[in-house]
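J.: My structure is below; once you've seen it, I'll send some questions.
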Amino acid sequence: MNMGWPTVCVSRNFFGVGWMVDLLCLPYYTSSFNRTATASRDRSCGRLCCCLPLVQCVVILVVCGIALGLPAFFHSAGVVDLEQRMAGTAGNPYVILDIDRDASAEELQKAYEAQLRDVEASKDCKLKESKESRESKACRMKKKHLKKAIEFSLRRSGETKEEPPRKQRRRTKSDEDREFDQWFDQRRSEWEALVAEVKEGSTRLFKSDDKAHEDL
């Protein structure tokens, strides 16, 4: 005789009492089985002890790589211009100076002087403000951006103006420490520029959304 599922549950488990007893006795069943069964030994613990440090090292390397190379990756991909942000210029400082990034300090200075002569010979610098006979605002801004561009380029090249000998002796450091400080300062400046760019982009996005809602 074929009985339905409800009938089997009621007749064989006495309205679920059997299930409740099995549930309460489950710890006893487990402990009894563990006493009688013999566990087979394997090398899972050894493999875990070998793999876990390796995984940790890989994770640390990935995090360090992201922390050190993420701003440079965005810059090389053209997502943001970190050099422009760090220099505070209207455009990329090397484009303003019209020179390569690996140029020496002497070449940078020559490029700056050439660009400065072009700016002074431009139409904006020939125009004078009527009352005080000063240079026009456009001319002053061009010179300001040129100055920022050369300062940034010299700072990135690691070559600055010579300091007095007494001051140099007081601030002397080993070459390794100086190179590490320059490298660390460069990474920090890149991250600061990237964070500032993200904040500015987020602000512009929120303002555009608010304006769109107002128009609606």
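A note on labels: chains of the structure tokens are A, B, ... as shown, every chain counts residues from 1, and ligands are counted from 1 in their shown order.
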Skipping near chain neighbours, those fewer than 4 positions away, what residues fall within 7 Å of Leu97 of chain A using only C-alpha atoms, listed as a list in words?

T.: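 Using only C-alpha atoms, the neighbours found are Pro93, Ala111, Tyr112 and Gln115 of chain A.
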
J.: Using DSSP assignments from the backbone, pull out every residue in segment 62-194 of chain A that falls under alpha helix (DSSP H) and give it to me as number ranges by chain.

T.: A: 62-76, 82-87, 93-97, 105-120, 123-126, 137-157, 165-170, 175-194

J.: Just the residues within 12 Å of Asp102 of chain A, please, counting only C-alpha atoms, with nothing from its chain fewer than 5 positions along; format it as a ChimeraX atom specification.

T.: /A:94,107-108,153-154,156-158

J.: Nearest to Trp191 of chain A among A:Cys139, A:Val80, A:Ala90, A:Leu205, with distances taken over only C-alpha atoms: which residue is it?

T.: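 Smallest separation from Trp191 of chain A among the options: A:Val80.
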
J.: So, with only C-alpha atoms as the atoms that count, which of A:Lys123, A:Arg187, A:Arg117, A:Lys207 lies closest to Ala72 of chain A?

T.: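 Answer, going by the shortest atom-to-atom distance: A:Arg187.
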
J.: Rounded to one decimal place, report the atom CA of Lys110 of chain A-atom CA of Arg85 of chain A distance in Å.

T.: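 Answer for the atom CA of Lys110 of chain A to atom CA of Arg85 of chain A separation: 23.5 Å.
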